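The file coords19.json comes next; it holds JSON, C-alpha atoms.
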[["chain", "number", "residue", "atom", "x", "y", "z"],
["A", 1, "MET", "CA", -12.52, 9.78, 48.08],
["A", 2, "PRO", "CA", -15.34, 8.94, 45.63],
["A", 3, "VAL", "CA", -17.32, 5.83, 46.49],
["A", 4, "GLY", "CA", -16.88, 4.13, 43.12],
["A", 5, "PRO", "CA", -19.06, 1.58, 41.40],
["A", 6, "SER", "CA", -20.76, -1.32, 43.11],
["A", 7, "GLN", "CA", -18.83, -4.58, 43.07],
["A", 8, "THR", "CA", -21.95, -6.66, 43.51],
["A", 9, "ASP", "CA", -23.39, -7.05, 40.00],
["A", 10, "ASP", "CA", -22.62, -9.98, 37.71],
["A", 11, "LEU", "CA", -20.66, -8.14, 35.00],
["A", 12, "GLY", "CA", -17.29, -8.79, 36.60],
["A", 13, "ALA", "CA", -15.01, -7.12, 39.10],
["A", 14, "TRP", "CA", -13.78, -3.57, 38.70],
["A", 15, "THR", "CA", -10.11, -2.69, 38.76],
["A", 16, "GLU", "CA", -9.55, 0.46, 40.77],
["A", 17, "LYS", "CA", -6.65, 2.87, 40.38],
["A", 18, "VAL", "CA", -5.79, 6.02, 42.24],
["A", 19, "LEU", "CA", -3.67, 8.33, 40.10],
["A", 20, "PRO", "CA", -1.66, 11.37, 41.07],
["A", 21, "THR", "CA", -2.64, 14.55, 39.24],
["A", 22, "ASN", "CA", 0.20, 14.16, 36.80],
["A", 23, "LEU", "CA", -0.24, 13.62, 33.09],
["A", 24, "SER", "CA", 2.51, 11.01, 33.06],
["A", 25, "ALA", "CA", 0.08, 8.69, 34.89],
["A", 26, "VAL", "CA", -2.30, 8.80, 31.92],
["A", 27, "ARG", "CA", -0.13, 6.69, 29.69],
["A", 28, "GLU", "CA", 0.31, 3.87, 32.20],
["A", 29, "THR", "CA", -3.45, 3.65, 32.75],
["A", 30, "GLU", "CA", -4.07, 3.56, 29.01],
["A", 31, "ARG", "CA", -1.55, 0.80, 28.64],
["A", 32, "GLU", "CA", -3.32, -1.30, 31.26],
["A", 33, "VAL", "CA", -6.81, -0.80, 29.86],
["A", 34, "LEU", "CA", -5.77, -1.35, 26.25],
["A", 35, "GLY", "CA", -3.79, -4.43, 27.28],
["A", 36, "LEU", "CA", -6.95, -5.87, 28.81],
["A", 37, "LEU", "CA", -8.92, -5.14, 25.63],
["A", 38, "ARG", "CA", -6.21, -6.64, 23.43],
["A", 39, "ASP", "CA", -6.35, -9.81, 25.54],
["A", 40, "LEU", "CA", -10.08, -9.87, 24.81],
["A", 41, "GLN", "CA", -9.29, -9.36, 21.09],
["A", 42, "TYR", "CA", -11.01, -6.04, 20.61],
["A", 43, "ASP", "CA", -10.20, -4.59, 17.16],
["A", 44, "GLU", "CA", -8.12, -1.50, 16.40],
["A", 45, "ASP", "CA", -11.14, 0.77, 15.96],
["A", 46, "HIS", "CA", -12.35, -0.09, 19.46],
["A", 47, "LEU", "CA", -8.88, 0.39, 20.88],
["A", 48, "PHE", "CA", -8.58, 3.83, 19.23],
["A", 49, "ALA", "CA", -12.01, 4.85, 20.55],
["A", 50, "VAL", "CA", -11.40, 3.71, 24.12],
["A", 51, "ARG", "CA", -7.91, 5.18, 24.21],
["A", 52, "LEU", "CA", -9.13, 8.56, 23.00],
["A", 53, "ALA", "CA", -12.11, 8.68, 25.36],
["A", 54, "LEU", "CA", -10.07, 7.50, 28.36],
["A", 55, "GLU", "CA", -7.33, 10.02, 27.67],
["A", 56, "GLU", "CA", -9.77, 12.89, 27.24],
["A", 57, "ALA", "CA", -11.49, 11.92, 30.50],
["A", 58, "LEU", "CA", -8.22, 11.67, 32.43],
["A", 59, "VAL", "CA", -6.82, 14.93, 31.05],
["A", 60, "ASN", "CA", -10.11, 16.70, 31.82],
["A", 61, "ALA", "CA", -10.06, 15.31, 35.37],
["A", 62, "MET", "CA", -6.49, 16.48, 36.01],
["A", 63, "LYS", "CA", -6.64, 19.77, 34.15],
["A", 64, "HIS", "CA", -10.17, 21.10, 34.59],
["A", 65, "GLY", "CA", -11.23, 18.99, 37.59],
["A", 66, "ASN", "CA", -8.20, 19.05, 39.86],
["A", 67, "GLY", "CA", -6.62, 22.13, 38.27],
["A", 68, "PHE", "CA", -3.29, 20.26, 38.20],
["A", 69, "ASP", "CA", -3.19, 20.42, 42.02],
["A", 70, "PRO", "CA", -0.63, 17.75, 42.97],
["A", 71, "ASN", "CA", -2.37, 17.26, 46.32],
["A", 72, "LEU", "CA", -5.50, 15.93, 44.59],
["A", 73, "SER", "CA", -6.03, 12.50, 43.04],
["A", 74, "VAL", "CA", -7.91, 11.04, 40.10],
["A", 75, "TYR", "CA", -9.80, 7.78, 40.57],
["A", 76, "VAL", "CA", -10.29, 5.29, 37.76],
["A", 77, "TRP", "CA", -12.37, 2.14, 37.71],
["A", 78, "TYR", "CA", -12.53, -0.16, 34.71],
["A", 79, "ARG", "CA", -13.69, -3.59, 33.70],
["A", 80, "ALA", "CA", -14.22, -5.40, 30.42],
["A", 81, "THR", "CA", -15.86, -8.51, 29.09],
["A", 82, "PRO", "CA", -15.79, -9.78, 25.50],
["A", 83, "GLU", "CA", -18.99, -7.75, 24.97],
["A", 84, "ARG", "CA", -18.34, -4.41, 26.63],
["A", 85, "VAL", "CA", -15.88, -2.18, 28.41],
["A", 86, "GLU", "CA", -16.82, 0.19, 31.21],
["A", 87, "ILE", "CA", -14.70, 3.02, 32.56],
["A", 88, "ARG", "CA", -15.32, 5.55, 35.30],
["A", 89, "VAL", "CA", -13.11, 8.52, 36.05],
["A", 90, "ALA", "CA", -13.59, 10.79, 39.06],
["A", 91, "ASP", "CA", -11.67, 13.82, 40.25],
["A", 92, "GLU", "CA", -11.61, 15.80, 43.47],
["A", 93, "GLY", "CA", -12.46, 19.12, 41.90],
["A", 94, "ARG", "CA", -15.58, 21.21, 42.31],
["A", 95, "GLY", "CA", -17.29, 19.68, 39.29],
["A", 96, "PHE", "CA", -18.91, 21.44, 36.38],
["A", 97, "ASP", "CA", -22.09, 21.50, 34.35],
["A", 98, "PRO", "CA", -21.44, 19.39, 31.24],
["A", 99, "GLY", "CA", -24.57, 20.86, 29.69],
["A", 100, "GLY", "CA", -22.98, 24.30, 29.95],
["A", 101, "VAL", "CA", -20.10, 23.47, 27.60],
["A", 102, "PRO", "CA", -20.75, 25.15, 24.25],
["A", 103, "ASP", "CA", -21.10, 22.94, 21.19],
["A", 104, "PRO", "CA", -17.58, 23.02, 19.71],
["A", 105, "THR", "CA", -18.86, 22.08, 16.25],
["A", 106, "ALA", "CA", -21.08, 25.15, 15.94],
["A", 107, "ASP", "CA", -19.66, 27.65, 13.46],
["A", 108, "GLU", "CA", -19.43, 30.37, 16.09],
["A", 109, "ASN", "CA", -17.42, 28.07, 18.38],
["A", 110, "LEU", "CA", -15.12, 26.43, 15.84],
["A", 111, "GLU", "CA", -12.21, 28.67, 16.74],
["A", 112, "ARG", "CA", -12.59, 28.17, 20.48],
["A", 113, "PRO", "CA", -9.90, 25.85, 21.78],
["A", 114, "CYS", "CA", -12.03, 24.02, 24.38],
["A", 115, "GLY", "CA", -14.97, 21.62, 24.55],
["A", 116, "ARG", "CA", -13.79, 19.00, 22.10],
["A", 117, "GLY", "CA", -12.67, 16.50, 24.74],
["A", 118, "ILE", "CA", -16.18, 15.88, 26.07],
["A", 119, "MET", "CA", -17.56, 15.80, 22.57],
["A", 120, "LEU", "CA", -15.04, 13.18, 21.48],
["A", 121, "MET", "CA", -15.85, 11.05, 24.52],
["A", 122, "ARG", "CA", -19.53, 11.17, 23.59],
["A", 123, "CYS", "CA", -18.83, 10.32, 19.95],
["A", 124, "TYR", "CA", -16.43, 7.47, 20.54],
["A", 125, "MET", "CA", -18.20, 5.75, 23.44],
["A", 126, "ASP", "CA", -21.72, 4.34, 23.35],
["A", 127, "GLU", "CA", -22.78, 5.71, 26.73],
["A", 128, "VAL", "CA", -21.34, 8.71, 28.56],
["A", 129, "THR", "CA", -22.93, 10.01, 31.74],
["A", 130, "PHE", "CA", -21.73, 12.57, 34.25],
["A", 131, "SER", "CA", -22.52, 12.59, 37.94],
["A", 132, "ARG", "CA", -24.78, 15.36, 39.12],
["A", 133, "GLU", "CA", -21.80, 17.31, 40.44],
["A", 134, "GLY", "CA", -19.95, 16.78, 37.16],
["A", 135, "ASN", "CA", -16.77, 15.42, 38.73],
["A", 136, "GLU", "CA", -17.31, 11.79, 37.74],
["A", 137, "VAL", "CA", -17.87, 10.42, 34.26],
["A", 138, "SER", "CA", -19.02, 6.89, 33.37],
["A", 139, "MET", "CA", -18.42, 5.52, 29.89],
["A", 140, "VAL", "CA", -19.45, 2.29, 28.17],
["A", 141, "LYS", "CA", -18.33, 0.93, 24.82],
["A", 142, "HIS", "CA", -20.05, -2.13, 23.36],
["A", 143, "ARG", "CA", -18.17, -4.47, 21.13],
["A", 144, "GLN", "CA", -21.07, -4.65, 18.71],
["A", 145, "PRO", "CA", -22.54, -1.26, 17.84],
["B", 1, "MET", "CA", 16.74, 25.08, 4.03],
["B", 2, "ALA", "CA", 15.70, 22.55, 6.64],
["B", 3, "GLN", "CA", 15.10, 23.26, 10.30],
["B", 4, "THR", "CA", 14.67, 20.60, 12.97],
["B", 5, "ASN", "CA", 13.03, 21.47, 16.28],
["B", 6, "GLU", "CA", 11.97, 19.29, 19.20],
["B", 7, "ILE", "CA", 8.63, 18.28, 17.67],
["B", 8, "VAL", "CA", 8.65, 19.47, 14.07],
["B", 9, "HIS", "CA", 10.95, 19.28, 11.06],
["B", 10, "VAL", "CA", 10.55, 22.15, 8.60],
["B", 11, "THR", "CA", 11.52, 22.55, 4.96],
["B", 12, "GLU", "CA", 10.64, 25.44, 2.68],
["B", 13, "HIS", "CA", 9.20, 25.10, -0.81],
["B", 14, "LYS", "CA", 8.82, 28.36, -2.74],
["B", 15, "GLY", "CA", 7.77, 30.24, 0.35],
["B", 16, "VAL", "CA", 5.51, 27.51, 1.73],
["B", 17, "LYS", "CA", 6.75, 25.86, 4.91],
["B", 18, "LEU", "CA", 6.32, 22.08, 4.94],
["B", 19, "VAL", "CA", 6.14, 20.85, 8.53],
["B", 20, "ARG", "CA", 6.44, 17.23, 9.48],
["B", 21, "LEU", "CA", 6.01, 15.87, 12.98],
["B", 22, "ARG", "CA", 8.94, 13.90, 14.33],
["B", 23, "SER", "CA", 6.84, 11.72, 16.62],
["B", 24, "GLY", "CA", 4.00, 9.32, 15.77],
["B", 25, "ALA", "CA", 1.90, 10.56, 18.67],
["B", 26, "ILE", "CA", 1.53, 14.00, 20.24],
["B", 27, "ARG", "CA", -0.23, 13.21, 23.45],
["B", 28, "GLU", "CA", 1.13, 14.86, 26.50],
["B", 29, "GLU", "CA", 0.33, 18.46, 27.30],
["B", 30, "ARG", "CA", 4.02, 19.34, 27.24],
["B", 31, "GLU", "CA", 4.41, 17.89, 23.73],
["B", 32, "ALA", "CA", 1.25, 19.62, 22.55],
["B", 33, "ASP", "CA", 2.48, 22.91, 24.07],
["B", 34, "THR", "CA", 5.84, 22.53, 22.34],
["B", 35, "LEU", "CA", 4.15, 21.73, 19.04],
["B", 36, "GLY", "CA", 1.93, 24.79, 19.42],
["B", 37, "ARG", "CA", 4.90, 27.00, 20.28],
["B", 38, "GLU", "CA", 6.96, 25.74, 17.34],
["B", 39, "LEU", "CA", 4.07, 26.21, 14.91],
["B", 40, "LEU", "CA", 3.24, 29.66, 16.29],
["B", 41, "ALA", "CA", 6.88, 30.67, 15.80],
["B", 42, "LEU", "CA", 6.61, 29.61, 12.15],
["B", 43, "ALA", "CA", 3.35, 31.54, 11.87],
["B", 44, "GLU", "CA", 4.91, 34.81, 13.07],
["B", 45, "GLU", "CA", 5.79, 35.92, 9.56],
["B", 46, "PRO", "CA", 2.80, 37.77, 8.10],
["B", 47, "GLY", "CA", 1.03, 35.85, 5.35],
["B", 48, "GLN", "CA", 2.99, 32.65, 6.05],
["B", 49, "ARG", "CA", 1.64, 29.55, 4.35],
["B", 50, "ILE", "CA", 2.18, 26.23, 6.16],
["B", 51, "VAL", "CA", 1.50, 22.63, 5.18],
["B", 52, "LEU", "CA", 1.40, 20.39, 8.24],
["B", 53, "SER", "CA", 1.92, 16.74, 7.35],
["B", 54, "PHE", "CA", 0.63, 14.11, 9.74],
["B", 55, "LEU", "CA", 2.57, 11.37, 7.98],
["B", 56, "GLY", "CA", 3.26, 8.58, 10.47],
["B", 57, "VAL", "CA", 1.01, 10.09, 13.13],
["B", 58, "GLU", "CA", -1.52, 7.54, 14.34],
["B", 59, "TYR", "CA", -2.91, 9.24, 17.37],
["B", 60, "LEU", "CA", -3.68, 12.67, 18.76],
["B", 61, "THR", "CA", -6.03, 14.20, 21.28],
["B", 62, "SER", "CA", -8.05, 17.37, 21.63],
["B", 63, "LEU", "CA", -4.97, 19.06, 23.12],
["B", 64, "VAL", "CA", -3.41, 19.10, 19.66],
["B", 65, "LEU", "CA", -6.64, 20.23, 18.01],
["B", 66, "GLY", "CA", -6.66, 23.24, 20.35],
["B", 67, "LYS", "CA", -3.10, 24.13, 19.34],
["B", 68, "LEU", "CA", -3.92, 23.86, 15.63],
["B", 69, "ILE", "CA", -6.85, 26.21, 16.11],
["B", 70, "GLN", "CA", -4.56, 28.74, 17.81],
["B", 71, "VAL", "CA", -2.14, 28.56, 14.87],
["B", 72, "HIS", "CA", -4.97, 28.88, 12.38],
["B", 73, "LYS", "CA", -6.23, 32.03, 14.13],
["B", 74, "GLN", "CA", -2.81, 33.65, 14.28],
["B", 75, "LEU", "CA", -2.16, 32.96, 10.61],
["B", 76, "ALA", "CA", -5.60, 34.11, 9.53],
["B", 77, "GLU", "CA", -4.99, 37.49, 11.18],
["B", 78, "SER", "CA", -2.04, 38.15, 8.88],
["B", 79, "GLY", "CA", -3.46, 36.61, 5.71],
["B", 80, "GLY", "CA", -1.59, 33.32, 6.15],
["B", 81, "GLU", "CA", -2.97, 29.82, 6.22],
["B", 82, "ILE", "CA", -2.21, 26.33, 7.52],
["B", 83, "ARG", "CA", -3.31, 23.31, 5.53],
["B", 84, "LEU", "CA", -3.16, 19.71, 6.67],
["B", 85, "ALA", "CA", -2.11, 16.57, 4.81],
["B", 86, "ASP", "CA", -1.39, 12.85, 5.14],
["B", 87, "ILE", "CA", -3.90, 12.33, 7.92],
["B", 88, "HIS", "CA", -4.45, 8.75, 9.08],
["B", 89, "PRO", "CA", -8.09, 7.71, 8.50],
["B", 90, "GLN", "CA", -8.81, 7.35, 12.23],
["B", 91, "ILE", "CA", -7.51, 10.86, 12.88],
["B", 92, "ARG", "CA", -9.34, 12.21, 9.83],
["B", 93, "GLU", "CA", -12.50, 10.94, 11.48],
["B", 94, "VAL", "CA", -11.66, 13.02, 14.58],
["B", 95, "PHE", "CA", -11.46, 16.12, 12.35],
["B", 96, "ARG", "CA", -14.79, 15.20, 10.74],
["B", 97, "ILE", "CA", -16.58, 14.61, 14.04],
["B", 98, "THR", "CA", -15.35, 17.88, 15.49],
["B", 99, "ASN", "CA", -16.32, 19.76, 12.31],
["B", 100, "LEU", "CA", -12.76, 21.01, 11.98],
["B", 101, "GLU", "CA", -12.82, 19.92, 8.34],
["B", 102, "SER", "CA", -14.70, 23.14, 7.77],
["B", 103, "LEU", "CA", -11.93, 25.19, 9.41],
["B", 104, "PHE", "CA", -8.89, 23.54, 7.81],
["B", 105, "LYS", "CA", -8.25, 22.60, 4.22],
["B", 106, "ILE", "CA", -7.19, 18.96, 4.29],
["B", 107, "HIS", "CA", -5.29, 17.30, 1.45],
["B", 108, "GLU", "CA", -4.55, 13.64, 0.87],
["B", 109, "HIS", "CA", -0.79, 14.13, 0.53],
["B", 110, "GLU", "CA", 1.69, 16.88, 1.37],
["B", 111, "ARG", "CA", 2.74, 17.01, -2.30],
["B", 112, "GLU", "CA", -0.81, 17.87, -3.31],
["B", 113, "ALA", "CA", -1.13, 20.43, -0.50],
["B", 114, "LEU", "CA", 2.06, 22.20, -1.62],
["B", 115, "ALA", "CA", 0.99, 22.20, -5.26],
["B", 116, "ARG", "CA", -2.45, 23.57, -4.43],
["B", 117, "PHE", "CA", -0.98, 26.27, -2.23],
["B", 118, "LEU", "CA", 1.34, 27.38, -5.04],
["B", 119, "SER", "CA", -1.34, 27.22, -7.74],
["B", 120, "ASP", "CA", -3.78, 29.17, -5.53],
["B", 121, "ALA", "CA", -1.13, 31.87, -5.08],
["B", 122, "GLU", "CA", -0.76, 32.25, -8.84],
["B", 123, "ARG", "CA", -4.45, 33.03, -9.35]]

Go through the file and emit its structure as structure tokens.
Amino acid sequence: MPVGPSQTDDLGAWTEKVLPTNLSAVRETEREVLGLLRDLQYDEDHLFAVRLALEEALVNAMKHGNGFDPNLSVYVWYRATPERVEIRVADEGRGFDPGGVPDPTADENLERPCGRGIMLMRCYMDEVTFSREGNEVSMVKHRQP
Amino acid sequence: MAQTNEIVHVTEHKGVKLVRLRSGAIREEREADTLGRELLALAEEPGQRIVLSFLGVEYLTSLVLGKLIQVHKQLAESGGEIRLADIHPQIREVFRITNLESLFKIHEHEREALARFLSDAER
């Protein structure tokens, strides 16, 4: 199981979830995270951005990371303050090199079906970093750009 | 003649198929797969022209974008085309960011998309 983020800093406690590799678990996690952001009165643009990035991260983890293996899990940690929301998603797959994913916006790649998930995460969140192995992604969205 | 499938509702207008989505969000892989399959079935006829209306759709993910690209490729091989219409501003932004605006013709409304398709055919 991945170690997860430190609980010792002063930005608030993380909520941790362990999900089965099953896409039906994506929706419940989204509902929880968006509910937290609605309670903190984030606007619709922020909710759209976080929802999209979270869903792309979870689908990537289950599909490309765990290869839809039902014996593997996906780990999610999240926390939010009125100023920022942080999300981490880890899978139990072999990882990948995010730098090796071709630019899906390049003309020669436009008709390729893959690579847009990571790109959308990077566009809609303010910070997106992958672990060295590539099987954990950390994302931050600030309330004020 | 109208045709209702699991994900799409189809009507035909002078040879152009107008496709509307029956759900406001296509999110799960199964739904995206079904959408792709239903659109690919419509695209089987050589030279088919399709307008896909996103009226009422407020959310989609890259799964759907991948399916649309598949449909675009299949249609392009036979001289057909898919055009998009009625896209919610937040989703339009997704198309802009991913540069898919350069792959698909996007119209404000389905009515305009149908009219442009028909007028282009008359040229």

Checklist outcome for this item: One residue among B:Asp86, B:Glu44, B:Glu12, B:Glu101 is nearest to chain A when using only C-alpha atoms, and that residue is B:Glu101

Item to check | Residue contacts of range 57-64 of chain B (8 Å, only C-alpha atoms) excluding same-chain residues fewer than 5 positions away, as a ChimeraX atom specification | outcome: /A:52,55-56,116-117 /B:21,23-27,29,32,36,87-88,90-91

Item to check | Point-to-point distance from CA of Leu84 in chain B to CA of Leu39 in chain B, Å rounded to tenths | outcome: 12.7 Å

Item to check | Coordinates-based distance that separates CA of Leu68 in chain B from CA of Leu35 in chain B (Å, one decimal) | outcome: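 Calculated distance between CA of Leu35 in chain B and CA of Leu68 in chain B is 9.0 Å.
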
Checklist entry - Between CA of Pro20 in chain A and CA of Leu72 in chain A, what is the distance, to one decimal in Å? => result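 Separating CA of Pro20 in chain A from CA of Leu72 in chain A is a distance of 6.9 Å.
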
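Using all atoms listed in the file, the smallest distance between any of B:Arg92, B:Arg116, B:Arg83, B:Lys105 and Leu18 in chain B comes from B:Arg83.
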
Next on the checklist: Within 9 Å of (-16.0, 17.6, 15.2) (file coordinates; only C-alpha atoms), which protein or nucleic acid residues are there? I'd like them as a PyMOL selection string.
Outcome noted: (chain A and resi 104-105+110+116+119-120) or (chain B and resi 93-101)

Per-residue nearest contacts of chain A to chain B (12 Å; all atoms listed in the file) as CSV:
residue,atom,partner,partner_atom,distance
A:Asn22,CA,B:Glu28,CA,10.4
A:Leu23,CA,B:Glu28,CA,6.8
A:Ser24,CA,B:Glu28,CA,7.7
A:Ala25,CA,B:Glu28,CA,10.5
A:Val26,CA,B:Glu28,CA,8.8
A:Arg27,CA,B:Glu28,CA,8.9
A:Glu30,CA,B:Arg27,CA,11.8
A:Glu44,CA,B:Gln90,CA,9.8
A:Asp45,CA,B:Gln90,CA,7.9
A:His46,CA,B:Gln90,CA,11.0
A:Leu47,CA,B:Gln90,CA,11.1
A:Phe48,CA,B:Gln90,CA,7.8
A:Ala49,CA,B:Gln90,CA,9.3
A:Arg51,CA,B:Tyr59,CA,9.4
A:Leu52,CA,B:Thr61,CA,6.7
A:Ala53,CA,B:Thr61,CA,9.2
A:Leu54,CA,B:Thr61,CA,10.6
A:Glu55,CA,B:Thr61,CA,7.7
A:Glu56,CA,B:Thr61,CA,7.2
A:Ala57,CA,B:Thr61,CA,11.0
A:Leu58,CA,B:Glu28,CA,11.5
A:Val59,CA,B:Glu29,CA,8.8
A:Asn60,CA,B:Leu63,CA,10.4
A:Met62,CA,B:Glu29,CA,11.2
A:Lys63,CA,B:Glu29,CA,9.9
A:Phe68,CA,B:Glu29,CA,11.6
A:Asp103,CA,B:Thr98,CA,9.5
A:Pro104,CA,B:Thr98,CA,7.0
A:Thr105,CA,B:Asn99,CA,5.2
A:Ala106,CA,B:Asn99,CA,8.1
A:Asp107,CA,B:Asn99,CA,8.6
A:Glu108,CA,B:Leu103,CA,11.3
A:Asn109,CA,B:Asn99,CA,10.3
A:Leu110,CA,B:Leu100,CA,7.1
A:Glu111,CA,B:Ile69,CA,5.9
A:Arg112,CA,B:Ile69,CA,7.5
A:Pro113,CA,B:Gly66,CA,4.4
A:Cys114,CA,B:Gly66,CA,6.8
A:Gly115,CA,B:Ser62,CA,8.6
A:Arg116,CA,B:Ser62,CA,6.0
A:Gly117,CA,B:Ser62,CA,5.6
A:Ile118,CA,B:Ser62,CA,9.4
A:Met119,CA,B:Thr98,CA,7.7
A:Leu120,CA,B:Thr98,CA,7.6
A:Met121,CA,B:Ser62,CA,10.4
A:Arg122,CA,B:Ile97,CA,10.6
A:Cys123,CA,B:Ile97,CA,7.6
A:Tyr124,CA,B:Val94,CA,9.4

Checklist entry - Taking into account all atoms listed in the file, which residue in the set A:Asp9, A:Asp91, A:Asp69, A:Glu86 is nearest to Val33 in chain A? => result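 Of the candidates, the smallest distance to Val33 in chain A is held by A:Glu86.
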
Checklist entry - Quick one: residues within 12 Å of range 74-80 of chain B, all atoms listed in the file counted, chain neighbours fewer than 6 positions away excluded, as a list in words? => result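 The residues satisfying every condition are Glu111 of chain A; Gly15, Val16, Lys17, Gly36, Arg37, Leu39, Leu40, Ala41, Leu42, Ala43, Glu44, Glu45, Pro46, Gly47, Gln48, Arg49, Ile50, Val51, Lys67, Leu68, Leu103, Phe104, Phe117 and Ala121 of chain B.
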
Checklist entry - Could you name the residues that touch Tyr78 in chain A at 7 Å or less, counting all atoms listed in the file, but leaving out those on the same chain fewer than 6 positions away, as a count of residues only? => result 6

Item to check | Residue among A:Ser6, A:Asn71, A:Gln144, A:Thr129 lying closest to Glu83 in chain A, counting only C-alpha atoms | outcome: A:Gln144

Output as a PDB file, in the coordinates of the input: range 88-109 of chain B, completed with N, CA and C atoms.
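Once everything was written out, this is out.pdb:
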ATOM      1  N   HIS B  88      -4.005  10.138   8.909  1.00  0.00           N
ATOM      2  CA  HIS B  88      -4.450   8.750   9.080  1.00  0.00           C
ATOM      3  C   HIS B  88      -5.993   8.730   9.154  1.00  0.00           C
ATOM      4  N   PRO B  89      -6.616   7.722   8.538  1.00  0.00           N
ATOM      5  CA  PRO B  89      -8.090   7.710   8.500  1.00  0.00           C
ATOM      6  C   PRO B  89      -8.760   7.849   9.874  1.00  0.00           C
ATOM      7  N   GLN B  90      -8.187   7.234  10.903  1.00  0.00           N
ATOM      8  CA  GLN B  90      -8.810   7.350  12.230  1.00  0.00           C
ATOM      9  C   GLN B  90      -8.732   8.784  12.756  1.00  0.00           C
ATOM     10  N   ILE B  91      -7.642   9.470  12.438  1.00  0.00           N
ATOM     11  CA  ILE B  91      -7.510  10.860  12.880  1.00  0.00           C
ATOM     12  C   ILE B  91      -8.367  11.779  12.012  1.00  0.00           C
ATOM     13  N   ARG B  92      -8.478  11.432  10.730  1.00  0.00           N
ATOM     14  CA  ARG B  92      -9.340  12.210   9.830  1.00  0.00           C
ATOM     15  C   ARG B  92     -10.779  12.209  10.368  1.00  0.00           C
ATOM     16  N   GLU B  93     -11.156  11.055  10.908  1.00  0.00           N
ATOM     17  CA  GLU B  93     -12.500  10.940  11.480  1.00  0.00           C
ATOM     18  C   GLU B  93     -12.668  11.895  12.677  1.00  0.00           C
ATOM     19  N   VAL B  94     -11.607  12.081  13.450  1.00  0.00           N
ATOM     20  CA  VAL B  94     -11.660  13.020  14.580  1.00  0.00           C
ATOM     21  C   VAL B  94     -11.918  14.443  14.050  1.00  0.00           C
ATOM     22  N   PHE B  95     -11.250  14.798  12.955  1.00  0.00           N
ATOM     23  CA  PHE B  95     -11.460  16.120  12.350  1.00  0.00           C
ATOM     24  C   PHE B  95     -12.896  16.250  11.829  1.00  0.00           C
ATOM     25  N   ARG B  96     -13.414  15.148  11.279  1.00  0.00           N
ATOM     26  CA  ARG B  96     -14.790  15.200  10.740  1.00  0.00           C
ATOM     27  C   ARG B  96     -15.791  15.387  11.886  1.00  0.00           C
ATOM     28  N   ILE B  97     -15.639  14.571  12.923  1.00  0.00           N
ATOM     29  CA  ILE B  97     -16.580  14.610  14.040  1.00  0.00           C
ATOM     30  C   ILE B  97     -16.604  15.995  14.695  1.00  0.00           C
ATOM     31  N   THR B  98     -15.431  16.588  14.816  1.00  0.00           N
ATOM     32  CA  THR B  98     -15.350  17.880  15.490  1.00  0.00           C
ATOM     33  C   THR B  98     -15.651  19.053  14.558  1.00  0.00           C
ATOM     34  N   ASN B  99     -15.973  18.738  13.312  1.00  0.00           N
ATOM     35  CA  ASN B  99     -16.320  19.760  12.310  1.00  0.00           C
ATOM     36  C   ASN B  99     -15.127  20.645  11.960  1.00  0.00           C
ATOM     37  N   LEU B 100     -13.932  20.201  12.302  1.00  0.00           N
ATOM     38  CA  LEU B 100     -12.760  21.010  11.980  1.00  0.00           C
ATOM     39  C   LEU B 100     -12.383  20.895  10.501  1.00  0.00           C
ATOM     40  N   GLU B 101     -13.022  19.969   9.791  1.00  0.00           N
ATOM     41  CA  GLU B 101     -12.820  19.920   8.340  1.00  0.00           C
ATOM     42  C   GLU B 101     -13.311  21.203   7.685  1.00  0.00           C
ATOM     43  N   SER B 102     -14.213  21.897   8.365  1.00  0.00           N
ATOM     44  CA  SER B 102     -14.700  23.140   7.770  1.00  0.00           C
ATOM     45  C   SER B 102     -13.785  24.329   8.116  1.00  0.00           C
ATOM     46  N   LEU B 103     -12.860  24.112   9.050  1.00  0.00           N
ATOM     47  CA  LEU B 103     -11.930  25.190   9.410  1.00  0.00           C
ATOM     48  C   LEU B 103     -10.612  25.041   8.654  1.00  0.00           C
ATOM     49  N   PHE B 104     -10.189  23.791   8.457  1.00  0.00           N
ATOM     50  CA  PHE B 104      -8.890  23.540   7.810  1.00  0.00           C
ATOM     51  C   PHE B 104      -9.112  22.905   6.442  1.00  0.00           C
ATOM     52  N   LYS B 105      -8.284  23.321   5.479  1.00  0.00           N
ATOM     53  CA  LYS B 105      -8.250  22.600   4.220  1.00  0.00           C
ATOM     54  C   LYS B 105      -7.368  21.372   4.433  1.00  0.00           C
ATOM     55  N   ILE B 106      -7.906  20.214   4.065  1.00  0.00           N
ATOM     56  CA  ILE B 106      -7.190  18.960   4.290  1.00  0.00           C
ATOM     57  C   ILE B 106      -6.937  18.284   2.947  1.00  0.00           C
ATOM     58  N   HIS B 107      -5.675  17.948   2.697  1.00  0.00           N
ATOM     59  CA  HIS B 107      -5.290  17.300   1.450  1.00  0.00           C
ATOM     60  C   HIS B 107      -4.835  15.864   1.735  1.00  0.00           C
ATOM     61  N   GLU B 108      -4.961  15.029   0.699  1.00  0.00           N
ATOM     62  CA  GLU B 108      -4.550  13.640   0.870  1.00  0.00           C
ATOM     63  C   GLU B 108      -3.059  13.542   1.182  1.00  0.00           C
ATOM     64  N   HIS B 109      -2.242  14.243   0.378  1.00  0.00           N
ATOM     65  CA  HIS B 109      -0.790  14.130   0.530  1.00  0.00           C
ATOM     66  C   HIS B 109      -0.157  15.518   0.604  1.00  0.00           C
TER      67      HIS B 109
END
